[in-house]
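S.K.: One structure, as structure tokens, below. Some questions next.
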Amino acid sequence: MDINDKSRIQWACRRGMLELDVAIMPFFKFEYETLSDTDKQVFVDLLKSDDPDLFNWLMNHGEPKDPELKRMVNLIQQRNHARGPVAM
């Protein structure tokens, strides 16, 4: 997936599991444009993960083996925490 194809990435962010949508959609909406191209690619790669894995990682019930995916999960958690709850 091309890191500049925002409509396609936004579609991939919609997971169908409320907990994931609440974590991933606001991050995409408010933070994606501020990421470096490298981090945008890592985010897109993270979206290729299975929903159960994403859920576990974002809820701190495990972590990705890939250090770059782990870093992105941490970045999502940190930025979402700093921003606080938002309406999707």
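How things are named: the first chain in the structure tokens is A, the next is B, and so on; residues count from 1 in each chain; ligands count from 1 in the order shown.
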Just list as a ChimeraX atom specification whatever in stretch 6-87 of chain A DSSP marks as helix (DSSP H, G or I).

M.R.: /A:6-13,18-34,37-47,51-58,67-83

S.K.: Just the residues within 12 Å of A:His61, please, counting only C-alpha atoms, with nothing from its chain fewer than 6 positions along; format it as a list of chain:residue names.

M.R.: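 Everything that qualifies: A:Pro52, A:Asp53, A:Leu54, A:Phe55, A:Val73.
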
S.K.: Give me the residues within 12 Å of A:Asp2 as a compact mmCIF listing (two decimals) with C-alpha atoms, in the first residue's frame, counting only C-alpha atoms and dropping any in the same chain fewer than 5 places off.

M.R.:
# COMPACT_ATOMS: atom_id res chain seq x y z
CA SER A 7 -8.05 7.00 1.39
CA ARG A 8 -6.79 3.43 1.12
CA ILE A 9 -4.91 3.67 4.41
CA GLN A 10 -7.97 5.13 6.12
CA ALA A 12 -7.38 -0.23 6.23
CA ASP A 37 7.84 8.58 5.45
CA THR A 38 9.62 5.75 7.25
CA LYS A 40 4.23 6.04 7.65
CA GLN A 41 5.49 2.82 6.08
CA VAL A 42 5.80 1.16 9.50
CA PHE A 43 2.22 2.24 10.29
CA VAL A 44 1.00 0.75 6.99
CA ASP A 45 2.93 -2.44 7.78

S.K.: Just checking: using only C-alpha atoms, which residue out of A:Met17, A:Met1, A:Ala23, A:Met59 ends up closest to A:Ile76?

M.R.: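 Using only C-alpha atoms, A:Ile76 sits closest to A:Ala23.
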
S.K.: Could you state the separation of atom CA of A:Leu20 and atom CA of A:Asn80 in Å, given to one decimal place?

M.R.: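 Value for the atom CA of A:Leu20-atom CA of A:Asn80 distance: 12.2 Å.
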